[in-house]
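Trainee: structure.csv is the file, holding CSV, C-alpha atoms:
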```
chain,number,residue,atom,x,y,z
Z,273,MET,CA,12.2,-30.5,14.0
Z,274,PRO,CA,15.9,-30.2,12.9
Z,275,THR,CA,15.7,-33.8,11.7
Z,276,THR,CA,13.0,-33.1,9.1
Z,277,GLU,CA,15.1,-30.2,7.9
Z,278,VAL,CA,18.1,-32.4,7.4
Z,279,ALA,CA,15.9,-35.2,5.9
Z,280,ALA,CA,14.7,-32.9,3.1
Z,281,PRO,CA,17.4,-33.3,0.5
Z,282,ALA,CA,17.8,-30.9,-2.4
Z,283,GLN,CA,16.7,-33.7,-4.8
Z,284,GLU,CA,13.2,-33.5,-3.3
Z,285,ARG,CA,12.8,-30.1,-5.0
Z,286,ALA,CA,10.2,-30.2,-7.7
Z,287,GLN,CA,10.2,-28.5,-11.1
Z,288,PRO,CA,7.4,-26.6,-12.8
Z,289,GLY,CA,6.2,-28.8,-15.6
Z,290,SER,CA,5.1,-26.2,-18.1
Z,291,PRO,CA,4.6,-22.4,-18.5
Z,292,LEU,CA,0.9,-23.0,-17.8
Z,293,GLU,CA,1.8,-24.5,-14.4
Z,294,LEU,CA,3.9,-21.3,-13.7
Z,295,PHE,CA,1.0,-19.2,-14.8
Z,296,LEU,CA,-1.4,-21.0,-12.5
Z,297,ALA,CA,1.0,-21.0,-9.5
Z,298,PHE,CA,1.7,-17.2,-9.8
Z,299,ASN,CA,-2.0,-16.5,-10.4
Z,300,ARG,CA,-2.8,-18.4,-7.2
Z,301,LEU,CA,-0.3,-16.6,-5.0
Z,302,ALA,CA,-1.2,-13.2,-6.5
Z,303,LEU,CA,-4.9,-13.7,-5.7
Z,304,GLN,CA,-4.1,-14.5,-2.1
Z,305,GLY,CA,-1.9,-11.5,-1.5
Z,306,PHE,CA,-3.7,-8.6,0.0
Z,307,GLY,CA,-1.4,-5.8,0.9
Z,308,GLY,CA,1.8,-7.7,-0.1
Z,309,VAL,CA,2.4,-10.8,-2.1
Z,310,LEU,CA,5.8,-11.8,-0.7
Z,311,PRO,CA,4.8,-13.8,2.3
Z,312,VAL,CA,2.3,-15.8,0.2
Z,313,ALA,CA,5.0,-16.3,-2.4
Z,314,GLN,CA,7.3,-17.9,0.2
Z,315,ARG,CA,4.5,-20.3,1.2
Z,316,GLU,CA,3.5,-21.2,-2.3
Z,317,LEU,CA,6.8,-21.6,-4.0
Z,318,VAL,CA,8.8,-23.0,-1.2
Z,319,GLU,CA,6.4,-24.9,1.0
Z,320,ARG,CA,3.6,-25.9,-1.3
Z,321,GLN,CA,5.1,-26.4,-4.8
Z,322,ARG,CA,8.7,-27.0,-3.5
Z,323,TRP,CA,10.1,-25.3,-6.6
Z,324,LEU,CA,12.6,-23.4,-4.5
Z,325,THR,CA,14.5,-24.2,-1.3
Z,326,LYS,CA,14.4,-21.6,1.4
Z,327,ALA,CA,18.0,-20.6,0.6
Z,328,GLU,CA,17.1,-20.3,-3.1
Z,329,PHE,CA,14.1,-18.2,-2.3
Z,330,VAL,CA,16.2,-15.8,-0.3
Z,331,GLU,CA,18.7,-15.6,-3.1
Z,332,LEU,CA,16.0,-14.8,-5.6
Z,333,LEU,CA,14.5,-12.2,-3.3
Z,334,SER,CA,17.9,-10.4,-2.9
Z,335,LEU,CA,18.3,-10.3,-6.6
Z,336,GLY,CA,14.7,-9.1,-7.0
Z,337,GLN,CA,15.4,-6.4,-4.5
Z,338,ILE,CA,18.6,-4.9,-5.9
Z,339,LEU,CA,17.0,-4.6,-9.3
Z,340,PRO,CA,14.7,-1.8,-10.1
Z,341,GLY,CA,11.0,-2.7,-10.3
Z,342,PRO,CA,8.7,-4.6,-7.9
Z,343,ASN,CA,10.5,-7.4,-6.0
Z,344,ILE,CA,7.8,-10.0,-6.7
Z,345,VAL,CA,7.6,-9.1,-10.4
Z,346,ASN,CA,11.4,-9.4,-10.8
Z,347,MET,CA,11.3,-12.7,-8.9
Z,348,ALA,CA,8.6,-14.1,-11.2
Z,349,LEU,CA,10.4,-13.0,-14.3
Z,350,ILE,CA,13.8,-14.4,-13.3
Z,351,PHE,CA,12.2,-17.7,-12.0
Z,352,GLY,CA,10.1,-18.1,-15.1
Z,353,ASP,CA,13.0,-17.3,-17.4
Z,354,GLN,CA,15.2,-19.8,-15.6
Z,355,HIS,CA,12.8,-22.6,-16.4
Z,356,PHE,CA,11.2,-21.9,-19.8
Z,357,GLY,CA,13.1,-18.8,-21.2
Z,358,TRP,CA,11.0,-15.8,-22.2
Z,359,ARG,CA,7.9,-17.9,-22.4
Z,360,GLY,CA,8.3,-18.8,-18.8
Z,361,ALA,CA,8.9,-15.2,-17.8
Z,362,LEU,CA,5.8,-14.1,-19.6
Z,363,ALA,CA,3.7,-16.9,-18.2
Z,364,SER,CA,4.8,-16.0,-14.6
Z,365,LEU,CA,4.2,-12.3,-15.2
Z,366,ALA,CA,0.8,-12.8,-16.7
Z,367,GLY,CA,-0.2,-15.1,-13.9
Z,368,LEU,CA,0.9,-12.6,-11.3
Z,369,LEU,CA,-0.8,-9.6,-13.0
Z,370,LEU,CA,-3.8,-10.4,-15.2
Z,371,ALA,CA,-6.5,-11.5,-12.8
Z,372,PRO,CA,-5.5,-8.9,-10.1
Z,373,LEU,CA,-5.5,-6.2,-12.8
Z,374,ALA,CA,-9.0,-7.1,-13.8
Z,375,ILE,CA,-10.1,-7.0,-10.2
Z,376,VAL,CA,-8.5,-3.7,-9.4
Z,377,LEU,CA,-9.8,-2.0,-12.5
Z,378,GLY,CA,-13.3,-3.3,-11.7
Z,379,LEU,CA,-13.0,-1.8,-8.2
Z,380,THR,CA,-11.9,1.5,-9.7
Z,381,LEU,CA,-15.0,1.5,-11.9
Z,382,LEU,CA,-17.2,0.7,-8.9
Z,383,ALA,CA,-15.6,3.5,-6.9
Z,384,ARG,CA,-16.1,5.9,-9.8
Z,385,GLN,CA,-19.8,5.0,-10.2
Z,386,ALA,CA,-20.3,6.1,-6.6
Z,387,ALA,CA,-18.0,9.1,-7.1
Z,388,GLY,CA,-19.3,12.3,-5.6
Z,389,SER,CA,-20.9,10.3,-2.8
Z,390,ALA,CA,-19.4,11.5,0.4
Z,391,GLU,CA,-19.2,7.9,1.6
Z,392,VAL,CA,-16.9,6.6,-1.2
Z,393,SER,CA,-14.6,9.6,-1.2
Z,394,GLY,CA,-14.4,9.3,2.6
Z,395,ALA,CA,-13.7,5.6,2.4
Z,396,LEU,CA,-10.9,6.2,-0.1
Z,397,ARG,CA,-9.5,9.1,2.0
Z,398,GLY,CA,-9.4,6.8,5.1
Z,399,MET,CA,-7.9,4.0,3.0
Z,400,GLY,CA,-5.3,6.4,1.7
Z,401,MET,CA,-4.2,7.3,5.2
Z,402,VAL,CA,-3.9,3.6,6.1
Z,403,ALA,CA,-1.9,3.0,2.9
Z,404,ALA,CA,0.5,5.8,4.0
Z,405,ALA,CA,0.9,4.0,7.3
Z,406,LEU,CA,1.4,0.6,5.7
Z,407,ILE,CA,4.3,2.0,3.7
Z,408,LEU,CA,5.9,3.7,6.7
Z,409,SER,CA,5.6,0.4,8.6
Z,410,THR,CA,7.4,-1.3,5.8
Z,411,ALA,CA,10.1,1.3,6.0
Z,412,TRP,CA,10.2,0.8,9.8
Z,413,LYS,CA,10.6,-3.0,9.5
Z,414,VAL,CA,13.4,-2.9,7.0
Z,415,THR,CA,15.3,-0.2,8.9
Z,416,GLY,CA,16.8,-2.9,11.1
Z,417,THR,CA,18.8,-4.1,8.1
Z,418,LEU,CA,20.8,-0.9,8.2
Z,419,LYS,CA,22.4,-2.0,11.5
Z,420,SER,CA,24.7,-4.3,9.6
Z,421,ASN,CA,25.3,-1.8,6.8
Z,422,CYS,CA,28.9,-1.1,6.0
Z,423,MET,CA,28.4,2.6,6.0
Z,424,GLY,CA,27.5,2.7,9.7
Z,425,ARG,CA,24.3,4.0,11.3
Z,426,VAL,CA,25.2,7.7,11.2
Z,427,TRP,CA,25.9,7.8,7.5
Z,428,CYS,CA,22.8,5.7,6.8
Z,429,ALA,CA,20.7,8.1,8.8
Z,430,VAL,CA,22.2,11.1,7.0
Z,431,LEU,CA,21.5,9.6,3.6
Z,432,ALA,CA,18.0,8.5,4.4
Z,433,ALA,CA,17.2,11.9,5.9
Z,434,ALA,CA,18.6,13.7,2.9
Z,435,THR,CA,16.4,11.5,0.6
Z,436,VAL,CA,13.3,12.3,2.7
Z,437,PHE,CA,14.1,16.0,2.7
Z,438,ALA,CA,14.8,16.3,-1.0
Z,439,VAL,CA,12.0,14.1,-2.3
Z,440,GLY,CA,9.3,14.3,0.4
Z,441,VAL,CA,9.7,17.9,1.7
Z,442,MET,CA,11.2,19.8,-1.2
Z,443,ARG,CA,9.5,17.7,-3.8
Z,444,TRP,CA,12.6,17.7,-6.1
Z,445,PRO,CA,12.5,15.3,-9.0
Z,446,MET,CA,13.6,11.9,-7.9
Z,447,ALA,CA,15.8,11.2,-10.9
Z,448,GLY,CA,18.0,14.2,-10.0
Z,449,VAL,CA,18.1,13.4,-6.3
Z,450,LEU,CA,19.1,9.8,-7.0
Z,451,ALA,CA,21.6,10.9,-9.7
Z,452,ALA,CA,23.3,12.9,-6.9
Z,453,LEU,CA,22.9,10.5,-4.0
Z,454,VAL,CA,23.4,7.1,-5.6
Z,455,PRO,CA,27.0,7.7,-6.8
Z,456,LEU,CA,27.8,9.3,-3.4
Z,457,SER,CA,26.5,6.4,-1.3
Z,458,TRP,CA,27.9,3.8,-3.7
Z,459,ALA,CA,31.4,5.4,-3.4
Z,460,LEU,CA,31.1,5.6,0.3
Z,461,ALA,CA,30.0,2.0,0.7
Z,462,TRP,CA,32.8,0.9,-1.8
Z,463,TRP,CA,35.3,2.8,0.4
Z,464,LYS,CA,34.0,1.3,3.6
Z,465,LEU,CA,34.2,-2.2,2.1
Z,466,ARG,CA,37.9,-1.9,1.2
Z,467,PRO,CA,39.7,-5.0,2.3
K,802,MET,CA,-17.5,3.0,-23.5
K,803,ASN,CA,-15.2,5.6,-24.9
K,804,SER,CA,-14.3,6.7,-21.4
K,805,PHE,CA,-13.4,3.1,-20.5
K,806,TRP,CA,-10.8,2.9,-23.4
K,807,PHE,CA,-9.6,6.5,-23.4
K,808,GLY,CA,-10.5,8.1,-20.1
K,809,THR,CA,-12.6,11.2,-19.4
K,810,LEU,CA,-10.0,13.9,-19.7
K,811,GLY,CA,-10.0,13.9,-23.5
K,812,LEU,CA,-6.2,13.3,-23.8
K,813,GLY,CA,-4.6,12.6,-27.2
K,814,ALA,CA,-1.7,10.6,-28.5
K,815,ALA,CA,0.9,13.1,-27.4
K,816,ASP,CA,-0.3,12.9,-23.8
K,817,TRP,CA,-0.4,9.1,-23.9
K,818,TRP,CA,3.2,9.1,-25.2
K,819,GLY,CA,4.3,11.5,-22.6
K,820,LEU,CA,2.7,9.3,-19.9
K,821,PHE,CA,4.4,6.2,-21.3
K,822,ILE,CA,7.8,7.9,-21.6
K,823,HIS,CA,7.6,9.3,-18.1
K,824,PHE,CA,6.7,5.9,-16.5
K,825,THR,CA,9.4,4.2,-18.7
K,826,MET,CA,12.0,6.5,-17.2
K,827,LEU,CA,10.8,5.9,-13.7
K,828,SER,CA,10.9,2.1,-14.2
K,829,LEU,CA,14.7,1.9,-13.9
K,830,LEU,CA,14.7,4.2,-10.9
K,831,ALA,CA,12.2,2.1,-9.0
K,832,VAL,CA,14.7,0.4,-6.8
K,833,GLY,CA,12.7,-0.8,-3.8
K,834,GLY,CA,9.5,-1.2,-5.8
K,835,ALA,CA,7.3,1.1,-7.9
K,836,ILE,CA,6.0,2.7,-4.7
K,837,THR,CA,9.2,4.5,-4.2
K,838,THR,CA,8.6,6.5,-7.4
K,839,VAL,CA,5.2,7.8,-6.2
K,840,PRO,CA,6.7,11.2,-5.4
K,841,ASP,CA,7.8,11.6,-9.0
K,842,MET,CA,4.5,10.3,-10.4
K,843,HIS,CA,2.8,12.9,-8.1
K,844,ARG,CA,5.0,15.6,-9.5
K,845,TYR,CA,4.1,14.7,-13.1
K,846,VAL,CA,0.5,13.6,-12.9
K,847,VAL,CA,-0.8,16.0,-10.2
K,848,VAL,CA,1.5,19.0,-10.1
K,849,LYS,CA,2.7,19.4,-13.7
K,850,GLN,CA,-0.2,18.0,-15.8
K,851,SER,CA,-3.1,18.4,-13.3
K,852,TRP,CA,-4.6,15.2,-14.6
K,853,LEU,CA,-5.4,14.0,-11.1
K,854,THR,CA,-5.9,15.6,-7.7
K,855,ASP,CA,-4.0,14.7,-4.6
K,856,ALA,CA,-6.9,12.8,-3.3
K,857,GLN,CA,-7.3,10.8,-6.5
K,858,LEU,CA,-3.7,9.8,-6.4
K,859,SER,CA,-3.8,8.7,-2.8
K,860,ALA,CA,-7.0,6.8,-3.6
K,861,SER,CA,-5.4,5.1,-6.5
K,862,VAL,CA,-2.7,3.7,-4.2
K,863,ALA,CA,-5.2,2.8,-1.5
K,864,LEU,CA,-7.5,0.9,-4.0
K,865,ALA,CA,-4.6,-1.2,-5.3
K,866,GLN,CA,-3.4,-2.0,-1.8
K,867,ALA,CA,-7.0,-3.0,-0.8
K,868,ALA,CA,-7.2,-5.4,-3.8
K,869,PRO,CA,-5.4,-8.7,-4.1
K,870,GLY,CA,-2.2,-8.9,-6.1
K,871,PRO,CA,1.1,-7.0,-6.3
K,872,ASN,CA,1.0,-3.4,-5.1
K,873,VAL,CA,2.5,-2.3,-8.4
K,874,LEU,CA,-1.0,-2.4,-9.8
K,875,PHE,CA,-1.6,1.1,-8.3
K,876,VAL,CA,0.4,2.2,-11.4
K,877,ALA,CA,-2.4,0.7,-13.6
K,878,VAL,CA,-5.1,2.5,-11.5
K,879,ILE,CA,-3.3,5.8,-12.0
K,880,GLY,CA,-3.2,5.1,-15.8
K,881,PHE,CA,-6.8,4.1,-15.8
K,882,ASN,CA,-7.9,7.3,-14.0
K,883,VAL,CA,-5.8,9.4,-16.4
K,884,ALA,CA,-6.6,7.8,-19.7
K,885,GLY,CA,-8.7,4.6,-19.5
K,886,MET,CA,-7.3,1.4,-20.8
K,887,VAL,CA,-4.8,3.2,-23.1
K,888,GLY,CA,-3.5,4.9,-19.9
K,889,VAL,CA,-3.1,1.4,-18.2
K,890,LEU,CA,-1.1,0.3,-21.2
K,891,ALA,CA,1.1,3.4,-21.0
K,892,THR,CA,1.7,3.4,-17.2
K,893,LEU,CA,1.9,-0.3,-16.6
K,894,GLY,CA,3.7,-1.1,-19.8
K,895,GLY,CA,6.1,1.8,-19.2
K,896,SER,CA,6.8,0.7,-15.6
K,897,LEU,CA,7.3,-2.9,-16.4
K,898,VAL,CA,9.1,-3.3,-19.7
K,899,PRO,CA,12.5,-1.7,-18.9
K,900,SER,CA,12.8,-3.2,-15.4
K,901,ALA,CA,11.6,-6.6,-16.8
K,902,VAL,CA,14.3,-6.7,-19.5
K,903,LEU,CA,16.9,-5.7,-17.0
K,904,ALA,CA,15.7,-8.4,-14.5
K,905,ILE,CA,15.9,-11.2,-17.0
K,906,ALA,CA,19.3,-10.1,-18.2
K,907,ALA,CA,20.6,-9.8,-14.6
K,908,GLY,CA,19.1,-13.2,-13.8
K,909,ARG,CA,20.8,-14.8,-16.8
K,910,TYR,CA,24.4,-13.8,-16.2
K,911,GLY,CA,24.5,-11.8,-13.0
K,912,ARG,CA,24.1,-14.5,-10.3
K,913,ASP,CA,27.7,-15.3,-9.7
K,914,ARG,CA,28.8,-11.7,-9.2
K,915,LYS,CA,26.9,-11.0,-6.0
K,916,ASP,CA,30.0,-11.5,-3.8
K,917,ARG,CA,32.0,-8.8,-5.7
K,918,ARG,CA,32.8,-5.6,-3.9
K,919,GLU,CA,31.2,-3.2,-6.3
K,920,VAL,CA,27.9,-5.1,-6.2
K,921,GLN,CA,27.9,-5.3,-2.4
K,922,ALA,CA,28.7,-1.6,-2.2
K,923,PHE,CA,25.8,-0.9,-4.6
K,924,THR,CA,23.3,-2.9,-2.5
K,925,GLN,CA,24.4,-1.5,0.8
K,926,GLY,CA,24.8,2.0,-0.5
K,927,LEU,CA,21.3,2.0,-1.9
K,928,ALA,CA,19.6,0.7,1.3
K,929,PRO,CA,19.3,4.0,3.2
K,930,LEU,CA,18.1,5.8,0.0
K,931,THR,CA,15.4,3.1,-0.5
K,932,ILE,CA,14.2,3.5,3.0
K,933,GLY,CA,14.2,7.3,2.7
K,934,LEU,CA,12.1,7.0,-0.4
K,935,LEU,CA,9.5,4.9,1.4
K,936,VAL,CA,9.3,7.5,4.2
K,937,ALA,CA,8.9,10.3,1.6
K,938,THR,CA,6.2,8.3,-0.2
K,939,SER,CA,4.3,7.8,3.1
K,940,TRP,CA,4.5,11.5,3.8
K,941,ILE,CA,3.1,12.5,0.4
K,942,LEU,CA,0.2,10.0,0.7
K,943,THR,CA,-0.9,11.7,3.9
K,944,GLU,CA,-1.4,15.0,2.0
K,945,PRO,CA,-5.2,14.9,1.6
K,946,THR,CA,-5.9,14.1,5.3
K,947,ARG,CA,-3.0,15.7,7.0
K,948,GLU,CA,-5.1,18.4,8.7
K,949,THR,CA,-7.5,15.9,10.4
K,950,TRP,CA,-6.3,14.6,13.8
K,951,THR,CA,-8.5,11.5,13.6
K,952,ALA,CA,-6.6,10.5,10.4
K,953,TRP,CA,-3.4,10.5,12.5
K,954,VAL,CA,-5.1,8.2,15.0
K,955,LEU,CA,-5.8,5.9,12.1
K,956,PHE,CA,-2.2,6.2,11.0
K,957,ALA,CA,-0.8,5.4,14.4
K,958,GLY,CA,-3.2,2.5,14.9
K,959,THR,CA,-2.1,1.0,11.5
K,960,MET,CA,1.6,1.4,12.5
K,961,VAL,CA,1.0,-0.4,15.8
K,962,TRP,CA,-1.0,-3.1,14.0
K,963,MET,CA,1.7,-3.7,11.4
K,964,THR,CA,4.7,-3.6,13.7
K,965,ARG,CA,3.2,-5.4,16.8
K,966,THR,CA,0.9,-8.0,15.3
K,967,ARG,CA,1.1,-10.6,12.5
K,968,PHE,CA,-2.5,-10.0,11.4
K,969,SER,CA,-3.4,-9.1,7.8
K,970,PRO,CA,-3.1,-5.4,6.6
K,971,LEU,CA,-6.6,-5.9,5.2
K,972,TRP,CA,-8.1,-5.1,8.6
K,973,PRO,CA,-6.7,-1.6,9.0
K,974,ILE,CA,-7.6,-0.9,5.3
K,975,ALA,CA,-11.2,-1.9,6.1
K,976,ALA,CA,-11.0,0.2,9.3
K,977,GLY,CA,-9.8,3.2,7.2
K,978,ALA,CA,-12.7,2.7,4.8
K,979,VAL,CA,-15.2,2.5,7.6
K,980,ALA,CA,-13.8,5.6,9.3
K,981,GLY,CA,-14.0,7.4,6.0
K,982,VAL,CA,-17.6,6.4,5.4
K,983,LEU,CA,-18.5,7.6,8.8
K,984,GLY,CA,-16.9,11.0,8.0
K,985,TRP,CA,-14.2,10.7,10.7
K,986,VAL,CA,-11.3,11.5,8.4
```
Translate this file's structure into C-alpha cells.
Mentor:
Amino acid sequence: MPTTEVAAPAQERAQPGSPLELFLAFNRLALQGFGGVLPVAQRELVERQRWLTKAEFVELLSLGQILPGPNIVNMALIFGDQHFGWRGALASLAGLLLAPLAIVLGLTLLARQAAGSAEVSGALRGMGMVAAALILSTAWKVTGTLKSNCMGRVWCAVLAAATVFAVGVMRWPMAGVLAALVPLSWALAWWKLRP
Amino acid sequence: MNSFWFGTLGLGAADWWGLFIHFTMLSLLAVGGAITTVPDMHRYVVVKQSWLTDAQLSASVALAQAAPGPNVLFVAVIGFNVAGMVGVLATLGGSLVPSAVLAIAAGRYGRDRKDRREVQAFTQGLAPLTIGLLVATSWILTEPTRETWTAWVLFAGTMVWMTRTRFSPLWPIAAGAVAGVLGWV
C-alpha cells in the first residue's frame, strides 16, 4: 500500500474545468451527505475528482474551521474562489445549497401539511432528541483534540464548562459571552505559546 | 400561496429586517458552524419574539439533519417557518453573506499566516469554547422532550451509535421518528 501512496505524484492532481463542473461536483456531494457532508466531501474531492491531495484537504478544512460559518460552506467558497474567482465561489456554494434547500423546504411543507397529527409532531420530537444526541456526539469526538491544546486540559475544561453554563444553562446572549471569553482564552493561549 | 412566500404569522418588513440583521450578526460568531449559534437563535426567535415554539425550533433542526445537504440549512427551515421564502432569504442570506465574504478574503491572503503565534493562539484558544457551545446546543435541543425517560434512552442509544459504530446517522434519525410516531417520546 505505501508504494501506491508514493507513486501518486502531485502532478496527477486534476483541476476543475469550469464553474459548472464545480457546481455539479458540490451538488453531488451535498446530495449524498445525510447528517454531515464532510466525510463525503473527502471522498469526492480527494478520491474521486482528485482536485485536492489529502494534505490540501486537511489544510482547507483547518481554514474552514477557524473561520466563522459552516466548515463545508467555507471550504466550498475558498476552493471555488481559488479556481475561478467569485464565479467559482458562487458556483460551489450554489451546488452545495440549492438542491438540498429545495428538498428540505419540501419536507418542511409536507411536515406542516400533516401538522396537528400526533404522529408527525411525535416523529419530529423524536428526531429532535436524536439531533441533540448527534450534536453531543460531535462534541464528544472532537474533545480529543483538546489533549494537545496548549492551554492544558484543566483550562480547556474550565473554559468549556463556563461556555456551557453561560449559554446553555443561564441562556445569556452568545455575543456577550464570547466577547468576554474569546479575548480571555486567546490571551491565555498566546501566553502559553510563548517561545 | 401567500403563506409560502411570507409565512403565516403576518410579519412585515420591519420583522424581516430584524430577522436578517439578527442572523447577520450571528454569522460572524458562528465559529464551529451555524449550529453553535442555535442558543442565540432560540433566544431571539422563541423567547424574545415568540415566533416559534421550543418544539418547532427543535423540529427545524431535526428536519434539516434528516435531509441531505449541509446542516446549515436548518437556518433556512427556521426562516421558512417564521416568514416563508422571505424568511429563508433573511435567515440564510444573513447567515451566509458575512462569513462568506470573510472566508474568501481569508482564503485569498491568509494562507501563509497559519504558523504565526497569534493565529495559533486564536485557533487553540477557541477550541474549548466551540466544544462548550456544541454541548449547550445539544442541551437546548433536548428541551421539548427532557421530561420523558424514553427520550433519554433514544439519546443514549444515538450517542453509542455515533461513537462506537461507523454507520450512518440516518438510522438513529429514523429510529427517533418511529419512536415519536409510536408515541414513546
Trainee: My list of candidates is K:Pro945, K:Ile974, K:Ala904, K:Pro869. Which is closest to Thr959 (chain K) when distances are computed with only C-alpha atoms?
Mentor: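 That would be K:Ile974, the residue with the smallest distance to Thr959 (chain K).
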Trainee: So how far away is CA of Val847 (chain K) from CA of Pro445 (chain Z), in Å?
Mentor: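 Straight-line distance from CA of Pro445 (chain Z) to CA of Val847 (chain K) works out to 13.4 Å.
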Trainee: With distances taken over all atoms listed in the file, which residue among K:Asn872, K:Leu955, K:Thr838, K:Val889 lies nearest Thr943 (chain K)?
Mentor: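 So, comparing all the options, the nearest one is K:Leu955.
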Trainee: Can you measure CA of Leu317 (chain Z) to CA of Thr417 (chain Z) for me? One decimal in Å is fine.
Mentor: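 Interatomic distance here is 24.4 Å.
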Trainee: Nearest to chain Z among K:Phe824, K:Trp806, K:Trp940, K:Trp852, with distances taken over only C-alpha atoms: which residue is it?
Mentor: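 Checking each candidate against chain Z, we get K:Trp940 as the closest.
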Trainee: Expressed in Å to a single decimal, how great is the separation between CA of Val902 (chain K) and CA of Ser859 (chain K)?
Mentor: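 Answer for the CA of Val902 (chain K) to CA of Ser859 (chain K) separation: 29.0 Å.
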Trainee: K:Ala957, K:Leu903, K:Val832, K:Ile879: which is nearest chain Z, counting only C-alpha atoms?
Mentor: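 Under the stated criterion, the closest residue is K:Val832.
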Trainee: Please list as JSON, numbers by chain every residue within 9 Å of Ala978 (chain K), counting only C-alpha atoms and excluding residues in the same chain fewer than 2 positions away.
Mentor: {"Z": [391, 392, 394, 395, 396, 397, 398, 399, 400, 402], "K": [973, 974, 975, 976, 980, 981, 982, 983]}
Trainee: Tell me, counting all atoms listed in the file, for each residue of region 804-856 of chain K within 12 Å of region 924-937 of chain K, which pair of atoms is nearest and how far apart they are in Å to one decimal, in rows ordered by chain and increasing number, as a tab-separated table.
Mentor:
```
residue	atom	partner	partner_atom	distance
K:Leu830	CA	K:Thr931	CA	10.5
K:Ala831	CA	K:Thr931	CA	9.1
K:Val832	CA	K:Thr931	CA	6.9
K:Gly833	CA	K:Thr931	CA	5.8
K:Gly834	CA	K:Thr931	CA	9.0
K:Ala835	CA	K:Leu935	CA	10.3
K:Ile836	CA	K:Leu935	CA	7.4
K:Thr837	CA	K:Leu934	CA	5.4
K:Thr838	CA	K:Leu934	CA	7.8
K:Val839	CA	K:Ala937	CA	9.0
K:Pro840	CA	K:Ala937	CA	7.4
K:Asp841	CA	K:Leu934	CA	10.7
K:His843	CA	K:Ala937	CA	11.7
```
Trainee: Using all atoms listed in the file for the distances, tell me which of K:Met842, K:Ala884, K:Leu812, K:Ala868 is nearest to chain Z.
Mentor: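 The answer is K:Ala868, which sits nearest to chain Z.
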Trainee: Would you mind listing what lies within 6 Å of region 287-298 of chain Z as a count of residues only, with all atoms listed in the file counted and same-chain residues fewer than 4 positions away left out?
Mentor: 7
Trainee: Would you kindly return, as a PyMOL selection string, each protein, DNA or RNA residue with an atom no farther than 6 Å from any atom of region 345-354 of chain Z, considering only C-alpha atoms and excluding same-chain residues fewer than 2 positions away?
Mentor: (chain Z and resi 336+342-343+356-358+360-361+364) or (chain K and resi 904-905+908)
